[in-house]
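*Asks:* For reference, this is input-v6.cif, and it has mmCIF, C-alpha atoms.
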data_run
loop_
_atom_site.label_atom_id
_atom_site.label_comp_id
_atom_site.auth_asym_id
_atom_site.auth_seq_id
_atom_site.Cartn_x
_atom_site.Cartn_y
_atom_site.Cartn_z
CA MET A 233 19.24 7.22 -20.88
CA ALA A 234 21.19 6.08 -17.83
CA VAL A 235 18.04 4.55 -16.34
CA LEU A 236 17.37 2.69 -19.61
CA THR A 237 20.94 1.37 -19.63
CA VAL A 238 20.63 0.14 -16.05
CA LEU A 239 17.31 -1.56 -16.85
CA LEU A 240 18.77 -3.29 -19.90
CA ALA A 241 21.80 -4.47 -17.91
CA ALA A 242 19.57 -5.77 -15.13
CA SER A 243 17.33 -7.53 -17.66
CA TRP A 244 20.35 -9.25 -19.18
CA PHE A 245 21.66 -10.30 -15.76
CA TRP A 246 18.27 -11.69 -14.76
CA ALA A 247 17.48 -13.13 -18.21
CA ASP A 248 17.01 -16.71 -16.97
CA VAL A 249 14.65 -15.57 -14.23
CA LEU A 250 12.68 -13.39 -16.63
CA LEU A 251 12.33 -16.29 -19.08
CA LEU A 252 10.96 -18.53 -16.32
CA VAL A 253 8.54 -15.78 -15.32
CA PHE A 254 7.43 -15.49 -18.94
CA ALA A 255 6.92 -19.26 -19.11
CA ALA A 256 4.81 -19.02 -15.95
CA VAL A 257 2.76 -16.26 -17.58
CA LEU A 258 2.17 -18.52 -20.61
CA ILE A 259 0.87 -21.31 -18.38
CA ALA A 260 -1.28 -18.81 -16.47
CA VAL A 261 -2.75 -17.50 -19.73
CA ALA A 262 -3.64 -21.06 -20.74
CA LEU A 263 -5.29 -21.70 -17.37
CA ARG A 264 -7.22 -18.42 -17.55
CA ALA A 265 -8.34 -19.20 -21.09
CA GLY A 266 -9.78 -22.52 -19.94
CA ALA A 267 -11.35 -20.90 -16.89
CA GLY A 268 -12.81 -18.18 -19.12
CA MET A 269 -14.54 -20.77 -21.29
CA LEU A 270 -16.01 -22.44 -18.21
CA HIS A 271 -17.21 -19.03 -17.01
CA ARG A 272 -18.94 -18.31 -20.32
CA TRP A 273 -20.44 -21.77 -20.73
CA LEU A 274 -21.28 -22.73 -17.13
CA GLY A 275 -21.13 -19.44 -15.25
CA LEU A 276 -18.37 -20.68 -12.94
CA ASN A 277 -16.30 -18.21 -10.97
CA VAL A 278 -12.96 -17.69 -12.73
CA LYS A 279 -10.89 -18.79 -9.72
CA ILE A 280 -12.96 -21.92 -9.35
CA GLY A 281 -12.61 -22.40 -13.11
CA VAL A 282 -8.81 -22.31 -12.80
CA ILE A 283 -8.95 -25.03 -10.16
CA VAL A 284 -11.33 -27.08 -12.32
CA VAL A 285 -8.98 -26.75 -15.32
CA ILE A 286 -6.00 -27.87 -13.22
CA LEU A 287 -7.94 -30.84 -11.84
CA ALA A 288 -9.15 -31.69 -15.36
CA VAL A 289 -5.58 -31.68 -16.69
CA ILE A 290 -4.36 -33.84 -13.80
CA GLY A 291 -7.33 -36.18 -14.25
CA ALA A 292 -6.75 -36.46 -17.99
CA LEU A 293 -3.07 -37.25 -17.47
CA ALA A 294 -3.94 -39.82 -14.81
CA ALA A 295 -6.56 -41.43 -17.07
CA VAL A 296 -4.16 -41.61 -20.00
CA GLY A 297 -1.48 -43.03 -17.72
CA ARG A 298 -3.88 -45.63 -16.35
CA VAL A 299 -5.23 -46.73 -19.71
CA ALA A 300 -2.14 -46.50 -21.85
CA GLY A 301 0.65 -46.27 -19.31
CA GLN A 302 1.71 -49.88 -19.47
CA ALA A 303 1.59 -49.96 -23.27
CA VAL A 304 3.53 -46.72 -23.49
CA ALA A 305 6.12 -47.97 -21.00
CA GLU A 306 6.53 -51.16 -23.02
CA GLN A 307 6.94 -49.16 -26.22
CA PHE A 308 9.52 -46.89 -24.60
CA ALA A 309 11.40 -49.96 -23.36
CA GLU A 310 11.23 -51.43 -26.85
CA LEU A 311 12.37 -48.09 -28.25
CA ALA A 312 15.41 -48.09 -25.97
CA ALA A 313 16.14 -51.74 -26.72
CA SER A 314 15.97 -51.12 -30.46
CA VAL A 315 18.71 -48.48 -30.41
CA PRO A 316 21.53 -51.00 -31.06
CA GLU A 317 19.50 -52.64 -33.82
CA ALA A 318 18.78 -49.27 -35.40
CA TRP A 319 22.45 -48.36 -35.25
CA ALA A 320 23.34 -51.71 -36.79
CA GLY A 321 20.90 -50.98 -39.60
CA VAL A 322 22.58 -47.64 -40.23
CA ASN A 323 25.98 -49.37 -40.28
CA ASP A 324 24.72 -52.02 -42.70
CA TRP A 325 23.47 -49.33 -45.04
CA LEU A 326 26.75 -47.44 -44.76
CA SER A 327 28.68 -50.63 -45.53
CA SER A 328 26.61 -51.37 -48.64
CA SER A 329 26.64 -47.86 -50.11
CA GLU A 330 29.41 -45.98 -51.87
CA ILE A 331 29.08 -42.96 -49.59
CA GLY A 332 29.09 -45.13 -46.47
CA THR A 333 32.16 -47.07 -47.63
CA SER A 334 34.03 -43.82 -48.21
CA LEU A 335 33.10 -42.57 -44.73
CA GLN A 336 34.21 -45.82 -43.09
CA GLU A 337 37.56 -45.69 -44.91
CA GLN A 338 38.12 -42.17 -43.59
CA ILE A 339 37.28 -43.32 -40.06
CA GLU A 340 39.65 -46.30 -40.32
CA ASP A 341 42.43 -44.01 -41.54
CA ALA A 342 42.04 -41.82 -38.45
CA PRO A 343 44.89 -41.92 -35.87
CA ASP A 344 44.85 -44.53 -33.13
CA MET A 345 43.02 -43.38 -30.01
CA THR A 346 44.72 -45.64 -27.43
CA ASP A 347 46.95 -42.91 -26.06
CA ARG A 348 44.06 -40.53 -25.84
CA ALA A 349 42.02 -43.15 -23.97
CA ALA A 350 44.79 -43.44 -21.36
CA GLU A 351 44.93 -39.68 -21.08
CA MET A 352 41.18 -39.54 -20.59
CA ALA A 353 41.40 -42.15 -17.84
CA GLN A 354 43.65 -39.78 -15.92
CA ARG A 355 40.93 -37.19 -16.13
CA LEU A 356 38.32 -39.27 -14.32
CA PRO A 357 38.25 -36.90 -11.31
CA ASP A 358 37.32 -34.08 -13.66
CA LEU A 359 34.64 -36.31 -15.14
CA PHE A 360 33.14 -36.97 -11.71
CA GLN A 361 33.21 -33.25 -11.00
CA THR A 362 31.38 -32.64 -14.27
CA LEU A 363 28.79 -35.29 -13.40
CA SER A 364 28.31 -33.69 -10.00
CA GLY A 365 27.73 -30.36 -11.69
CA ALA A 366 25.22 -31.98 -14.04
CA VAL A 367 23.31 -33.46 -11.09
CA ASN A 368 23.24 -30.09 -9.35
CA ALA A 369 22.03 -28.43 -12.55
CA THR A 370 19.28 -31.05 -12.92
CA VAL A 371 18.11 -30.54 -9.34
CA GLY A 372 18.16 -26.78 -9.89
CA SER A 373 16.15 -27.13 -13.09
CA VAL A 374 13.52 -29.29 -11.40
CA PHE A 375 13.25 -26.79 -8.55
CA SER A 376 12.94 -23.90 -11.04
CA ILE A 377 10.16 -25.72 -12.90
CA PHE A 378 8.35 -26.31 -9.61
CA LEU A 379 8.58 -22.62 -8.71
CA MET A 380 7.44 -21.71 -12.23
CA LEU A 381 4.30 -23.83 -11.84
CA ILE A 382 3.54 -22.30 -8.45
CA LEU A 383 4.01 -18.81 -9.91
CA ALA A 384 1.73 -19.69 -12.83
CA LEU A 385 -0.98 -20.76 -10.37
CA TYR A 386 -0.69 -17.50 -8.42
CA ILE A 387 -0.86 -15.41 -11.59
CA ALA A 388 -3.83 -17.36 -12.93
CA MET A 389 -5.75 -17.01 -9.67
CA GLU A 390 -5.04 -13.27 -9.27
CA ALA A 391 -4.54 -12.16 -12.88
CA GLU A 392 -6.41 -8.86 -12.52
CA ARG A 393 -4.39 -7.93 -9.45
CA TYR A 394 -1.07 -8.42 -11.26
CA ARG A 395 -2.44 -6.67 -14.35
CA GLN A 396 -3.33 -3.61 -12.31
CA GLY A 397 0.05 -3.70 -10.57
CA THR A 398 1.81 -3.68 -13.93
CA ILE A 399 -0.32 -0.81 -15.21
CA MET A 400 0.52 1.22 -12.07
CA LEU A 401 4.15 1.30 -13.25
CA VAL A 402 3.09 3.37 -16.27
CA PRO A 403 2.52 7.15 -16.10
CA LEU A 404 -1.11 8.02 -15.34
CA ARG A 405 -1.89 9.48 -18.76
CA HIS A 406 -0.80 6.25 -20.50
CA ARG A 407 -2.47 3.71 -18.20
CA ASP A 408 -5.57 3.14 -20.32
CA ARG A 409 -3.37 2.53 -23.34
CA ALA A 410 -1.12 0.19 -21.34
CA GLY A 411 -4.15 -1.78 -20.18
CA ASN A 412 -5.37 -2.22 -23.74
CA ILE A 413 -1.93 -3.39 -24.87
CA LEU A 414 -1.68 -5.90 -22.01
CA ASP A 415 -5.13 -7.24 -22.86
CA GLU A 416 -4.13 -7.61 -26.52
CA MET A 417 -0.98 -9.48 -25.49
CA GLY A 418 -3.04 -11.87 -23.38
CA ARG A 419 -5.54 -12.49 -26.18
CA ASN A 420 -2.82 -13.10 -28.75
CA LEU A 421 -0.95 -15.49 -26.47
CA ALA A 422 -4.15 -17.43 -25.77
CA LEU A 423 -4.93 -17.62 -29.50
CA TRP A 424 -1.37 -18.69 -30.27
CA MET A 425 -1.44 -21.47 -27.67
CA GLY A 426 -4.83 -22.69 -28.88
CA GLY A 427 -3.58 -22.78 -32.45
CA GLN A 428 -0.40 -24.59 -31.43
CA ALA A 429 -2.38 -27.21 -29.52
CA LEU A 430 -4.56 -27.93 -32.56
CA ASP A 431 -1.53 -28.05 -34.85
CA MET A 432 0.35 -30.43 -32.55
CA LEU A 433 -2.70 -32.70 -32.36
CA ALA A 434 -3.10 -32.72 -36.15
CA VAL A 435 0.58 -33.54 -36.73
CA ALA A 436 0.49 -36.32 -34.13
CA ILE A 437 -2.60 -37.88 -35.74
CA LEU A 438 -1.13 -37.68 -39.25
CA ALA A 439 2.19 -39.12 -38.09
CA GLY A 440 0.49 -41.89 -36.13
CA LEU A 441 -1.73 -42.92 -39.04
CA GLY A 442 1.12 -42.77 -41.54
CA LEU A 443 3.56 -44.74 -39.40
CA TRP A 444 0.88 -47.32 -38.58
CA MET A 445 0.03 -47.78 -42.27
CA LEU A 446 3.72 -48.22 -43.10
CA GLY A 447 4.05 -50.83 -40.37
CA VAL A 448 6.66 -48.89 -38.41
CA PRO A 449 7.16 -50.25 -34.88
CA LEU A 450 6.62 -47.87 -31.97
CA ALA A 451 4.26 -45.80 -34.12
CA PHE A 452 2.44 -44.37 -31.09
CA ILE A 453 5.62 -43.16 -29.39
CA LEU A 454 7.07 -41.70 -32.59
CA ALA A 455 3.77 -39.93 -33.33
CA LEU A 456 3.71 -38.56 -29.77
CA ILE A 457 7.24 -37.22 -30.23
CA ALA A 458 6.23 -35.67 -33.57
CA GLY A 459 3.28 -33.88 -31.99
CA LEU A 460 5.14 -32.60 -28.93
CA THR A 461 8.22 -31.39 -30.80
CA ASN A 462 6.11 -29.64 -33.45
CA ILE A 463 5.72 -26.70 -31.06
CA ILE A 464 9.36 -25.81 -31.85
CA PRO A 465 9.31 -24.29 -35.35
CA ILE A 466 11.71 -25.83 -37.89
CA VAL A 467 13.85 -27.60 -35.28
CA GLY A 468 11.02 -29.74 -33.86
CA PRO A 469 9.82 -31.35 -37.13
CA PHE A 470 13.42 -32.03 -38.20
CA LEU A 471 14.18 -33.65 -34.83
CA SER A 472 11.09 -35.88 -34.78
CA GLY A 473 11.57 -36.87 -38.42
CA THR A 474 15.21 -37.77 -37.83
CA ILE A 475 14.31 -39.94 -34.82
CA ALA A 476 11.60 -41.77 -36.78
CA VAL A 477 13.91 -42.36 -39.76
CA LEU A 478 16.74 -43.68 -37.58
CA PHE A 479 14.52 -46.19 -35.79
CA SER A 480 12.87 -47.31 -39.02
CA PHE A 481 16.32 -48.55 -40.10
CA THR A 482 15.58 -51.60 -37.92
CA GLN A 483 13.17 -52.69 -40.66
CA GLY A 484 15.40 -51.81 -43.58
CA PHE A 485 16.61 -48.91 -45.68
CA GLU A 486 13.50 -48.87 -47.89
CA LEU A 487 11.20 -48.27 -44.92
CA ALA A 488 13.49 -45.50 -43.66
CA VAL A 489 13.13 -43.72 -47.01
CA GLN A 490 9.34 -44.12 -46.84
CA VAL A 491 9.27 -42.65 -43.33
CA ALA A 492 11.40 -39.70 -44.46
CA ILE A 493 8.98 -39.06 -47.33
CA LEU A 494 6.04 -39.38 -44.91
CA PHE A 495 7.40 -36.68 -42.60
CA ILE A 496 8.13 -34.38 -45.53
CA VAL A 497 4.55 -34.82 -46.75
CA ILE A 498 3.19 -34.20 -43.24
CA GLN A 499 5.11 -30.93 -43.01
CA LEU A 500 3.85 -29.88 -46.45
CA ILE A 501 0.26 -30.63 -45.42
CA ASP A 502 0.81 -28.83 -42.12
CA GLY A 503 2.32 -25.76 -43.76
CA GLU A 504 -0.03 -25.49 -46.74
CA ILE A 505 -3.37 -26.68 -45.34
CA ILE A 506 -3.54 -27.07 -41.55
CA LEU A 507 -1.67 -23.94 -40.41
CA PRO A 508 -3.50 -21.58 -42.82
CA MET A 509 -6.83 -22.92 -41.52
CA ILE A 510 -5.76 -22.45 -37.90
CA GLN A 511 -4.32 -18.99 -38.54
CA ARG A 512 -7.70 -17.74 -39.70
CA PHE A 513 -8.67 -17.43 -36.05
CA ALA A 514 -5.27 -17.68 -34.35
CA VAL A 515 -2.09 -15.59 -34.50
CA SER A 516 -0.14 -15.60 -37.77
CA LEU A 517 3.62 -15.02 -37.70
CA PRO A 518 5.73 -14.40 -40.82
CA PRO A 519 7.98 -17.48 -41.37
CA ALA A 520 11.13 -15.39 -41.90
CA LEU A 521 10.50 -13.50 -38.66
CA THR A 522 10.01 -16.80 -36.83
CA VAL A 523 13.36 -18.10 -38.10
CA VAL A 524 15.13 -14.89 -37.06
CA GLY A 525 13.49 -15.07 -33.64
CA ILE A 526 14.60 -18.66 -33.10
CA MET A 527 18.16 -17.81 -34.12
CA ALA A 528 18.26 -14.70 -31.93
CA PHE A 529 16.65 -16.09 -28.77
CA GLY A 530 18.35 -19.46 -29.20
CA GLY A 531 21.74 -17.80 -29.52
CA LEU A 532 21.11 -15.61 -26.48
CA PHE A 533 19.34 -18.02 -24.13
CA GLY A 534 19.95 -21.54 -25.47
CA LEU A 535 17.25 -24.21 -25.46
CA VAL A 536 14.86 -22.18 -23.29
CA GLY A 537 15.16 -19.32 -25.77
CA ILE A 538 14.31 -21.65 -28.66
CA LEU A 539 11.25 -23.00 -26.84
CA LEU A 540 9.96 -19.53 -25.95
CA ALA A 541 11.01 -17.74 -29.14
CA THR A 542 7.60 -17.83 -30.84
CA PRO A 543 5.48 -16.58 -27.89
CA LEU A 544 8.10 -13.91 -27.24
CA LEU A 545 7.69 -12.82 -30.86
CA VAL A 546 3.92 -12.64 -30.33
CA ILE A 547 4.53 -10.18 -27.48
CA LEU A 548 7.15 -8.18 -29.38
CA ILE A 549 4.90 -7.80 -32.42
CA VAL A 550 2.17 -6.27 -30.24
CA LEU A 551 4.68 -3.90 -28.62
CA VAL A 552 6.21 -2.81 -31.92
CA ARG A 553 2.82 -2.36 -33.57
CA ARG A 554 1.08 -0.49 -30.75
CA VAL A 555 3.91 1.37 -29.00
CA TYR A 556 6.50 2.12 -31.67
CA VAL A 557 4.53 2.28 -34.93
CA GLU A 558 1.33 3.83 -33.58
CA ASP A 559 2.40 5.85 -30.53
CA VAL A 560 5.92 6.91 -31.53
CA LEU A 561 5.65 7.15 -35.32
CA GLY A 562 1.96 8.01 -35.44
CA ASP A 563 1.41 5.45 -38.20
CA ARG A 564 -0.74 2.32 -38.31
CA LEU A 565 -0.06 -1.16 -39.63
CA PRO A 566 -2.91 -3.26 -41.06
CA ASP A 567 -4.18 -5.89 -38.60
#
Let me see the structure of the file written as structure tokens.
*Replies:*
Amino acid sequence: MAVLTVLLAASWFWADVLLLVFAAVLIAVALRAGAGMLHRWLGLNVKIGVIVVILAVIGALAAVGRVAGQAVAEQFAELAASVPEAWAGVNDWLSSSEIGTSLQEQIEDAPDMTDRAAEMAQRLPDLFQTLSGAVNATVGSVFSIFLMLILALYIAMEAERYRQGTIMLVPLRHRDRAGNILDEMGRNLALWMGGQALDMLAVAILAGLGLWMLGVPLAFILALIAGLTNIIPIVGPFLSGTIAVLFSFTQGFELAVQVAILFIVIQLIDGEIILPMIQRFAVSLPPALTVVGIMAFGGLFGLVGILLATPLLVILIVLVRRVYVEDVLGDRLPD
């Protein structure tokens, strides 16, 4: 019991490091999955396959950047330039609506902030200290991401070595079982990532087509945001939809409503048609469990916890099913 307590305390203390290691494992699983396909299709050595996958990803990113980089940069510049116009559109709508008028009256009735502004000016040294801390945190984050990518490469190249090293930590009589569980975790993570990639692509295509048909400016960028953020359950679709609605205010309130309806329809199609089709061959997670996982890991570990909540749940489900339900309780859940 004392050993378990020490391990739990150490895990909590090193939580950030463990999350980065887990993220590296996710990337390594994706690389190995791609290398495995090349091995089956072309007979390539797995290590060579990992290198080919990395080069293919870099080449694809370079090609996209070369072909669409200038257009994307122009759209991002236009997106940034349209922020004041979008905000003005929101203000115009607020001014012309009963709810908006009420909100503005409450804001106007708020106490004068001049004294507070003077007080804040005296706190400029603290502000600079905060900015310095933010810069240091950013540099630290970039360095951590770099180390995570290097670690992912090492794990992908020597996956069997690290697998065997992990199994060696388990008592001899349980090593075969531990190996099977690790293999199941790897398969489920690979299936989950494949399913997520397909789902993100489908959402991006639907959003792009819908925004283009509605005549929304920056449709490509907004569709790209919709696809990328869709990997975060619940939070991602809400975030991308909110961004699209806010920037559609530059064209009027009616278009903003149409964009909101579009994103609601996309999520309905995604939840009722696309995801069920993908989950036939990928990993299916109960929606309620996903929400609980996001709340729990987000509350404990912040943004990183939210991003990694779903794959962590994939791992935990395997552990609960195989170790607790089957090995401890002697029962069996349906697959």
*Asks:* From the set A:Ile413, A:Ala520, A:Leu401, A:Val497, which residue has the shortest atom-to-atom contact distance to Val552 (chain A), counting all atoms listed in the file?
*Replies:*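 Closest residue, counting all atoms listed in the file: A:Ile413.
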*Asks:* Quick one: apply the PyMOL selection byres ((chain A and resi 390) around 12) to the file and drop the selected residues here as number ranges by chain.
*Replies:* A: 257, 260-261, 263-264, 278-280, 282, 383-389, 391-397
*Asks:* Next, write the just-selected residues to a file, as an mmCIF file, in the frame of the given file, keeping C-alpha atoms as the atom set.
*Replies:*
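Output saved as again27.cif:
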data_model
loop_
_atom_site.group_PDB
_atom_site.id
_atom_site.type_symbol
_atom_site.label_atom_id
_atom_site.label_comp_id
_atom_site.auth_asym_id
_atom_site.auth_seq_id
_atom_site.Cartn_x
_atom_site.Cartn_y
_atom_site.Cartn_z
ATOM 1 C CA VAL A 257 2.760 -16.260 -17.580
ATOM 2 C CA ALA A 260 -1.280 -18.810 -16.470
ATOM 3 C CA VAL A 261 -2.750 -17.500 -19.730
ATOM 4 C CA LEU A 263 -5.290 -21.700 -17.370
ATOM 5 C CA ARG A 264 -7.220 -18.420 -17.550
ATOM 6 C CA VAL A 278 -12.960 -17.690 -12.730
ATOM 7 C CA LYS A 279 -10.890 -18.790 -9.720
ATOM 8 C CA ILE A 280 -12.960 -21.920 -9.350
ATOM 9 C CA VAL A 282 -8.810 -22.310 -12.800
ATOM 10 C CA LEU A 383 4.010 -18.810 -9.910
ATOM 11 C CA ALA A 384 1.730 -19.690 -12.830
ATOM 12 C CA LEU A 385 -0.980 -20.760 -10.370
ATOM 13 C CA TYR A 386 -0.690 -17.500 -8.420
ATOM 14 C CA ILE A 387 -0.860 -15.410 -11.590
ATOM 15 C CA ALA A 388 -3.830 -17.360 -12.930
ATOM 16 C CA MET A 389 -5.750 -17.010 -9.670
ATOM 17 C CA ALA A 391 -4.540 -12.160 -12.880
ATOM 18 C CA GLU A 392 -6.410 -8.860 -12.520
ATOM 19 C CA ARG A 393 -4.390 -7.930 -9.450
ATOM 20 C CA TYR A 394 -1.070 -8.420 -11.260
ATOM 21 C CA ARG A 395 -2.440 -6.670 -14.350
ATOM 22 C CA GLN A 396 -3.330 -3.610 -12.310
ATOM 23 C CA GLY A 397 0.050 -3.700 -10.570
#
*Asks:* Can you tell me how far CA of Leu456 (chain A) sits from CA of Val289 (chain A), in Å to one decimal?
*Replies:*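 These atoms are spaced 17.5 Å apart.
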*Asks:* Take CA of Ile501 (chain A) and CA of Met417 (chain A) and report the distance between them in Å, one decimal.
*Replies:*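 Rounded to one decimal, the two atoms are 29.1 Å apart.
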*Asks:* Got a sec: who's within 12 Å of region 560-565 of chain A, counting only C-alpha atoms, leaving out chain neighbours fewer than 3 positions off, as a PyMOL selection string?
*Replies:* chain A and resi 549-557
*Asks:* What separation in Å, quoted to one decimal, exists between CA of Pro543 (chain A) and CA of Met432 (chain A)?
*Replies:*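 Those two atoms sit 15.5 Å apart.
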*Asks:* List the residues selected by the PyMOL selection byres ((chain A and resi 491) around 9) in the file shown, writing them as an NGL selection string.
*Replies:* :A and (442-443 or 446 or 448 or 473 or 476-477 or 480 or 486-490 or 492-496)
*Asks:* Which residue is closest to Thr542 (chain A)? Choose from A:Ser376, A:Thr474, A:Gln428, A:Asn277 and count only C-alpha atoms.
*Replies:*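 For Thr542 (chain A), the nearest of the given residues is A:Gln428.
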*Asks:* List, as JSON, numbers by chain, every residue that the PyMOL selection byres ((chain A and resi 380) around 8) selects in the file provided.
*Replies:* {"A": [252, 253, 255, 256, 376, 377, 378, 379, 381, 382, 383, 384]}
*Asks:* Counting only C-alpha atoms, which residue out of A:Arg409, A:Met445, A:Ile453, A:Leu404 sits closest to Glu558 (chain A)?
*Replies:*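 Of A:Arg409, A:Met445, A:Ile453, A:Leu404, the one nearest Glu558 (chain A), counting only C-alpha atoms, is A:Arg409.
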*Asks:* Compute the distance from (4.6, -32.9, -36.4) to each atom, counting all atoms listed in the file, keep the residues with any atom at most 12 Å away, and return them as a VMD selection string; use the coordinates of the file.
*Replies:* chain A and resid 428 to 440 442 454 to 474 476 494 to 503 506 to 507
*Asks:* Under the rule that all atoms listed in the file are counted, which of A:Gly411, A:Pro519, A:Leu287, A:Leu274 is the nearest residue to Leu545 (chain A)?
*Replies:* A:Pro519
